[in-house]
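Q: Structure below; questions to follow.
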Amino acid sequence: MTVESPAKDSVTPRSNRFRLRWDVLQFVVFVLLTAPHATGLPLHEWAGLALAPILVVHLAANWDWIVDKTRNVFRRQPGEVRFNHIWNTLMFVVAVVAIMSGILCSRQVVRSLGFSHPVDFFWAVVHSVSATVLIALVGVHLGMHFRWVIAQFRRSPRGCKPAGEDGP
Ligand code: HEM
Ligand code: HEM
C-alpha cells in the first residue's frame with residue numbers, strides 16, 4: 001500500500017489513523033448487514049444504502065494503491081499484491097451487484113422514498129446470492145489485512161496515536 005506517512009498527530013483521509021477508524025465503522029455496518037432477520041428489514045436497507053458512500057470513502061482513502069497497482073498491472077508484482085488486486089476488483093463488482101439488487105428488491109426504504117415497484121423475486125435471488133458471496137469475499141479481504149489491523153491497534157491502543165508506517 002503506498003500511503004505516505006502523515007505528519008505526527010494528523011488525521012488526513014489517507015493516514016493510517018483515518019483508515020483504521022473508517023475500517024472499524026465499515027466493519028460494524030457490514031456485520032449489521034449480514035443479519036437482516038436480527039436487525040429488521042428497514043435498518044438493513046438503510047445500512048445497505050449507507051454502505052455505498054462508506055465504500056466510496058474506503059476506496060478514495062486507498063486511491064494511490066488502486067492507481068499504482070492498476071498502472072503496473074502488466075509488470076511483475078509480488079503474489080500478495082496481485083492477489084489483492086484481483087480480489088478487490090471482484091469485491092467491488094459483487095458489492096455493486098449486491099447493493100443494486102438490494103435496491104431493486106427493496107420492500108421498505110425505496111418505497112418510503114416514494115418509488116413504488118412490484119416485488120421482483122428475481123432480484124431477491126440475485127441479492128441473496130451476491131450478498132452471500134460478498135460476505136465470503138470480505139471475510140478473506142479482512143484476513144489478508146488482519147496483520148495491518150492488529151499492528152495499528154498495537155501502536156495505538158485506542159486508535160489515538162499516529163501510526164506512521166505503510167500497511168501491507
Ligand atoms: C466491498 C468492497 C471493498 C473493496 C472494493 C475494498 C477495497 C480495498 C482496497 C483497494 C484496499 C487497499 C489495497 C489493499 O491493501 O488490498 C483495501 C484495504 C483494506 N480494506 Fe477494503 N474493500 C472493500 C470492503 C472492505 C470492508 C467491508 C472492510 C471491513 C472492515 C475492509 C477492510 C479493509 C482493511 C482493514 C484494509 C487495509 C487497511 C486500509 O487501507 O484501510 N474493506 N480495501
Ligand atoms: C452490500 C450490502 C448488502 C449486504 C451484504 C446485504 C446482505 C443481505 C443478506 C445476507 C440478506 C439475507 C438473504 C437471504 O435470506 O437469503 C439480505 C436480504 C435482503 N436485503 Fe440486503 N444486503 C445489502 C444491501 C441491501 C440494500 C442496499 C437493500 C435495499 C435498499 C437490501 C435489501 C434487502 C431485502 C429487501 C432483503 C430480503 C430479500 C428477500 O426477499 O429474501 N439489502 N441482504
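Each chain in the C-alpha cells gets a letter, A, B, ..., in the order shown, and its residues are numbered from 1; ligands are numbered from 1 in order too.
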Residues within 8 Å of ligand 2, counting only C-alpha atoms and all ligand atoms: report them as a ChimeraX atom specification.

A: /A:30,33-37,41,44-52,95-96,98-110,121,124-125,127-132,134-135

Q: List all protein, DNA and RNA residues that have at least one atom no more than 8 Å from any atom of ligand 1, counting only C-alpha atoms and all ligand atoms, and write them as an NGL selection string.

A: :A and (1 or 16 or 19-20 or 22-28 or 30 or 55 or 58-59 or 61-63 or 65-66 or 81 or 84-85 or 88-95 or 134 or 137-138 or 141-142 or 144-146 or 148-149 or 167-168)

Q: What parts of range 11-78 of chain A does DSSP call alpha helix (DSSP H)? I'd like the answer as a ChimeraX atom specification.

A: /A:16-33,36-39,41-61,63-71

Q: Deliver the residues from the most recent selection as a file, using C-alpha atoms, as a compact mmCIF listing (two decimals), in the first residue's frame.

A:
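The new file again.txt reads:
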# COMPACT_ATOMS: atom_id res chain seq x y z
CA ASN A 16 -3.37 5.04 8.83
CA ARG A 17 -5.33 6.59 11.73
CA PHE A 18 -8.16 7.66 9.48
CA ARG A 19 -8.23 4.35 7.61
CA LEU A 20 -8.28 2.37 10.85
CA ARG A 21 -11.23 4.37 12.17
CA TRP A 22 -13.04 4.07 8.87
CA ASP A 23 -12.39 0.33 8.73
CA VAL A 24 -13.93 -0.04 12.21
CA LEU A 25 -17.01 1.90 11.05
CA GLN A 26 -17.44 -0.15 7.88
CA PHE A 27 -16.84 -3.36 9.79
CA VAL A 28 -19.72 -2.53 12.17
CA VAL A 29 -22.05 -1.58 9.28
CA PHE A 30 -21.07 -4.70 7.35
CA VAL A 31 -21.68 -7.01 10.30
CA LEU A 32 -25.13 -5.40 10.77
CA LEU A 33 -25.85 -6.12 7.11
CA PRO A 36 -31.29 -8.73 8.24
CA HIS A 37 -33.52 -11.07 10.24
CA ALA A 38 -31.99 -9.85 13.51
CA THR A 39 -31.91 -6.14 12.65
CA LEU A 41 -35.55 -5.05 7.13
CA PRO A 42 -35.79 -1.23 7.47
CA LEU A 43 -32.48 -0.97 9.36
CA HIS A 44 -30.94 -3.49 6.95
CA GLU A 45 -31.97 -1.47 3.92
CA TRP A 46 -30.77 1.87 5.37
CA ALA A 47 -27.46 0.28 6.36
CA GLY A 48 -27.18 -1.22 2.85
CA LEU A 49 -27.68 2.19 1.26
CA ALA A 50 -25.21 3.77 3.71
CA LEU A 51 -22.58 1.21 2.73
CA ALA A 52 -22.27 2.73 -0.76
CA PRO A 53 -20.79 6.10 0.35
CA ILE A 54 -18.84 4.33 3.10
CA LEU A 55 -17.15 2.16 0.46
CA VAL A 56 -16.53 5.16 -1.79
CA VAL A 57 -14.56 6.80 1.05
CA HIS A 58 -12.71 3.50 1.70
CA LEU A 59 -11.67 3.36 -1.96
CA ALA A 60 -10.76 7.06 -2.00
CA ALA A 61 -8.54 6.54 1.05
CA TRP A 63 -6.80 5.54 -4.23
CA ASP A 64 -2.99 5.75 -4.55
CA TRP A 65 -2.75 1.96 -4.17
CA ILE A 66 -5.52 1.36 -6.73
CA VAL A 67 -3.95 3.69 -9.33
CA ASP A 68 -0.43 2.35 -8.75
CA LYS A 69 -1.36 -1.34 -8.98
CA THR A 70 -3.65 -0.80 -11.97
CA ARG A 71 -0.95 1.13 -13.88
